[in-house]
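J.: This is entry.txt, which holds compact mmCIF, C-alpha atoms:
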# COMPACT_ATOMS: atom_id res chain seq x y z
CA MET O 1 -27.41 -1.63 0.76
CA ARG O 2 -30.13 0.54 -0.74
CA SER O 3 -32.04 -0.81 -3.72
CA ASP O 4 -30.91 1.96 -6.09
CA LYS O 5 -27.26 1.30 -5.21
CA LYS O 6 -27.74 -2.44 -5.80
CA ILE O 7 -29.25 -1.76 -9.21
CA ARG O 8 -26.47 0.71 -10.10
CA ASN O 9 -23.82 -1.83 -9.06
CA MET O 10 -25.54 -4.60 -11.03
CA VAL O 11 -25.77 -2.48 -14.19
CA THR O 12 -22.19 -1.28 -13.78
CA ALA O 13 -20.99 -4.86 -13.29
CA GLY O 14 -22.83 -5.97 -16.42
CA MET O 15 -21.32 -3.16 -18.45
CA LEU O 16 -17.83 -3.88 -17.13
CA CYS O 17 -18.27 -7.58 -17.98
CA ALA O 18 -19.28 -6.69 -21.53
CA ILE O 19 -16.31 -4.34 -21.93
CA GLY O 20 -13.99 -6.93 -20.35
CA ILE O 21 -15.12 -9.55 -22.86
CA LEU O 22 -14.91 -7.16 -25.81
CA ILE O 23 -11.42 -5.69 -25.21
CA PRO O 24 -9.42 -8.91 -25.89
CA MET O 25 -11.51 -9.61 -28.98
CA VAL O 26 -11.13 -6.23 -30.70
CA SER O 27 -8.05 -4.54 -29.25
CA PRO O 28 -5.45 -3.67 -31.86
CA ILE O 29 -2.70 -3.64 -29.19
CA LYS O 30 -1.92 -7.30 -28.46
CA ILE O 31 1.34 -9.06 -27.83
CA THR O 32 1.35 -12.86 -27.75
CA LEU O 33 4.45 -14.63 -26.48
CA ASP O 34 3.14 -18.08 -25.59
CA PRO O 35 2.16 -18.91 -22.95
CA ALA O 36 1.70 -15.21 -22.14
CA SER O 37 -0.51 -12.74 -23.92
CA PHE O 38 -0.72 -9.05 -23.23
CA THR O 39 -3.66 -6.99 -24.45
CA LEU O 40 -3.49 -3.35 -23.44
CA ALA O 41 -6.32 -2.39 -21.04
CA SER O 42 -7.67 -5.95 -20.80
CA HIS O 43 -7.66 -5.74 -16.98
CA VAL O 44 -9.22 -2.28 -16.78
CA PRO O 45 -12.82 -3.52 -16.33
CA VAL O 46 -11.75 -5.97 -13.62
CA PHE O 47 -9.80 -3.28 -11.76
CA MET O 48 -12.68 -0.83 -12.01
CA ALA O 49 -15.03 -3.47 -10.62
CA MET O 50 -12.54 -4.06 -7.80
CA PHE O 51 -12.71 -0.34 -7.01
CA ILE O 52 -16.48 -0.63 -6.46
CA SER O 53 -16.76 -3.66 -4.16
CA PRO O 54 -15.66 -7.27 -3.66
CA VAL O 55 -19.00 -8.57 -5.00
CA VAL O 56 -18.85 -6.46 -8.17
CA GLY O 57 -15.17 -7.37 -8.63
CA ILE O 58 -15.82 -11.10 -8.36
CA PHE O 59 -18.85 -10.86 -10.65
CA VAL O 60 -16.80 -9.13 -13.36
CA ALA O 61 -13.84 -11.52 -12.95
CA VAL O 62 -16.14 -14.54 -13.31
CA GLY O 63 -18.12 -12.90 -16.13
CA THR O 64 -15.03 -12.10 -18.16
CA THR O 65 -13.70 -15.62 -17.58
CA LEU O 66 -16.94 -17.06 -18.98
CA GLY O 67 -16.62 -14.64 -21.89
CA PHE O 68 -13.13 -15.96 -22.67
CA LEU O 69 -14.46 -19.52 -22.45
CA MET O 70 -17.44 -18.84 -24.73
CA GLY O 71 -15.21 -16.81 -27.06
CA GLY O 72 -13.20 -19.95 -27.80
CA PHE O 73 -9.97 -18.78 -26.22
CA PRO O 74 -7.43 -21.53 -25.38
CA LEU O 75 -7.84 -23.17 -21.97
CA PRO O 76 -4.62 -21.65 -20.53
CA VAL O 77 -5.97 -18.16 -21.33
CA VAL O 78 -9.33 -18.99 -19.74
CA ALA O 79 -7.57 -20.39 -16.67
CA ARG O 80 -5.44 -17.26 -16.36
CA ALA O 81 -8.62 -15.15 -16.51
CA ALA O 82 -10.17 -17.32 -13.79
CA SER O 83 -7.19 -16.63 -11.54
CA HIS O 84 -8.22 -12.96 -11.50
CA VAL O 85 -10.89 -13.82 -8.92
CA ILE O 86 -8.15 -14.18 -6.29
CA PHE O 87 -6.39 -10.85 -6.73
CA VAL O 88 -9.70 -9.04 -7.26
CA LEU O 89 -11.13 -10.43 -4.03
CA LEU O 90 -8.00 -9.51 -2.06
CA GLY O 91 -7.71 -6.07 -3.65
CA ALA O 92 -11.38 -5.18 -3.28
CA ALA O 93 -11.43 -6.33 0.35
CA TYR O 94 -8.40 -4.14 1.07
CA LEU O 95 -9.89 -1.13 -0.72
CA THR O 96 -13.15 -1.54 1.21
CA LYS O 97 -11.22 -1.05 4.45
CA HIS O 98 -8.74 1.51 3.10
CA LYS O 99 -10.82 3.82 0.91
CA GLU O 100 -8.12 6.53 0.93
CA THR O 101 -5.75 4.29 -1.07
CA LEU O 102 -6.93 5.41 -4.50
CA SER O 103 -6.86 9.12 -3.65
CA CYS O 104 -3.19 9.22 -2.62
CA THR O 105 -0.62 8.68 -5.40
CA LYS O 106 1.98 6.98 -3.19
CA LYS O 107 -0.63 4.61 -1.76
CA TRP O 108 -2.20 3.60 -5.07
CA VAL O 109 1.20 3.07 -6.68
CA ALA O 110 2.21 0.80 -3.78
CA PHE O 111 -1.17 -0.95 -3.90
CA SER O 112 -0.80 -1.40 -7.66
CA PHE O 113 2.58 -3.06 -7.20
CA VAL O 114 1.38 -5.42 -4.45
CA ILE O 115 -1.83 -6.39 -6.27
CA SER O 116 0.15 -6.87 -9.50
CA VAL O 117 2.60 -9.21 -7.77
CA ILE O 118 -0.35 -11.23 -6.44
CA HIS O 119 -1.82 -11.19 -9.96
CA GLY O 120 1.47 -12.37 -11.49
CA VAL O 121 1.90 -15.16 -8.93
CA CYS O 122 -1.68 -16.35 -9.50
CA GLU O 123 -1.18 -16.46 -13.27
CA LEU O 124 2.17 -18.22 -12.89
CA LEU O 125 0.62 -20.86 -10.60
CA ILE O 126 -2.37 -21.38 -12.88
CA ILE O 127 -0.20 -21.87 -16.00
CA LEU O 128 2.31 -24.13 -14.24
CA PRO O 129 0.23 -27.36 -14.53
CA PHE O 130 -0.19 -26.75 -18.28
CA TYR O 131 3.60 -26.48 -18.61
CA ILE O 132 4.32 -29.51 -16.44
CA ASN O 133 1.79 -31.69 -18.29
CA GLY O 134 3.16 -30.71 -21.70
CA ALA O 135 -0.10 -29.01 -22.68
CA LEU O 136 1.51 -25.85 -24.05
CA PRO O 137 2.86 -25.31 -27.58
CA ALA O 138 6.33 -26.81 -28.17
CA ALA O 139 7.97 -23.38 -28.42
CA ASN O 140 7.40 -22.90 -24.69
CA TYR O 141 9.59 -25.86 -23.88
CA GLU O 142 12.32 -24.67 -26.24
CA LYS O 143 12.41 -21.33 -24.37
CA GLY O 144 12.65 -23.20 -21.08
CA PHE O 145 10.81 -22.85 -17.80
CA PHE O 146 12.54 -19.67 -16.63
CA VAL O 147 11.73 -17.68 -19.78
CA SER O 148 8.30 -19.18 -20.55
CA ILE O 149 6.80 -19.30 -17.10
CA PHE O 150 8.78 -17.07 -14.76
CA LEU O 151 9.65 -14.17 -17.09
CA LEU O 152 6.81 -14.16 -19.61
CA VAL O 153 3.90 -15.16 -17.39
CA GLY O 154 5.08 -14.11 -13.93
CA ILE O 155 7.04 -10.90 -14.51
CA GLY O 156 5.13 -10.09 -17.70
CA SER O 157 1.83 -10.28 -15.81
CA ILE O 158 3.15 -7.96 -13.11
CA VAL O 159 4.20 -5.31 -15.64
CA HIS O 160 1.00 -5.71 -17.68
CA SER O 161 -1.10 -5.51 -14.53
CA MET O 162 0.61 -2.32 -13.35
CA VAL O 163 0.12 -0.62 -16.73
CA ASP O 164 -3.57 -1.57 -16.76
CA PHE O 165 -3.93 -0.48 -13.12
CA VAL O 166 -2.62 3.00 -13.96
CA ILE O 167 -5.07 3.23 -16.88
CA SER O 168 -7.87 2.06 -14.56
CA GLN O 169 -7.01 4.50 -11.81
CA VAL O 170 -6.82 7.46 -14.20
CA LEU O 171 -10.16 6.56 -15.80
CA TRP O 172 -11.75 5.79 -12.44
CA SER O 173 -10.71 9.13 -10.97
CA ARG O 174 -12.81 10.71 -13.72
CA ILE O 175 -15.84 8.40 -13.93
CA GLY O 176 -16.10 6.95 -10.42
CA LYS O 177 -18.48 9.72 -9.38
CA ALA O 178 -20.86 8.75 -12.18
CA VAL O 179 -21.30 5.27 -10.69
CA GLY O 180 -21.51 6.51 -7.14
CA VAL O 181 -17.98 5.74 -5.97
CA THR O 182 -15.35 8.44 -5.65
CA VAL O 183 -11.61 8.13 -5.29
Any chance you could put this one into structure tokens?
T.:
Amino acid sequence: MRSDKKIRNMVTAGMLCAIGILIPMVSPIKITLDPASFTLASHVPVFMAMFISPVVGIFVAVGTTLGFLMGGFPLPVVARAASHVIFVLLGAAYLTKHKETLSCTKKWVAFSFVISVIHGVCELLIILPFYINGALPAANYEKGFFVSIFLLVGIGSIVHSMVDFVISQVLWSRIGKAVGVTV
């Protein structure tokens, strides 16, 4: 990789990390239904990083996770952010080999669904030990496993992920050229 491209990717990754840390802290559009939380556009920086490369995607996923940790977010939220490394790595690796995916509506919608299912499963699996060990607020146990974990975290994460993916793809189609990647 050329030096100027490395520098551009590094600066872009840093900016996406900063935005990814800032969105959950200042967004006025938040829904919290323990153990799930949904902040509109909170995944946009991670998706955009995934569009660039696996390395940039992982850097932003790890950076935003550290931001959640340093921001004092509860451990289940930090753990859910850490799980993003998995779907970002898989998604970025796929996009590296299938660059046409983001330029064809049918393909990016299908990709969005698949990557969102992976995202939802990862978040469900990461929150499961907290539920089993009784480390979540009592209201989660009153709702029961199916509602708290399967519906709110699993299905909720899939829907949230797909909404954020659409936002990311629309923004990326307009600014990708500015960072040297086109869709």
J.: Could you tell me how far atom CA of O:Leu75 sits from atom CA of O:Val166, in Å to one decimal place?
T.: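 Atom CA of O:Leu75 lies 27.9 Å from atom CA of O:Val166.
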J.: Have a look at atom CA of O:Tyr141 and atom CA of O:Val163 and let me know their distance in Å, one decimal.
T.: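 It comes out at 27.9 Å.
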J.: For O:Ala135, which of O:Val62, O:His160, O:Thr96, O:Pro76 is the closest residue, counting all atoms listed in the file?
T.: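 Among the listed residues, the smallest separation from O:Ala135 belongs to O:Pro76.
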J.: Which of these, O:Gly20, O:Pro35, O:Pro54, O:Gly67, has the shortest distance to O:Val153 once you count all atoms listed in the file?
T.: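 Closest to O:Val153, using all atoms listed in the file: O:Pro35.
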J.: Which polymer residues have any atom within 10 Å of an atom of O:Leu90, counting all atoms listed in the file, with same-chain residues fewer than 5 positions away left out, as a PyMOL selection string?
T.: chain O and resi 50+54+57+85+95+115+118
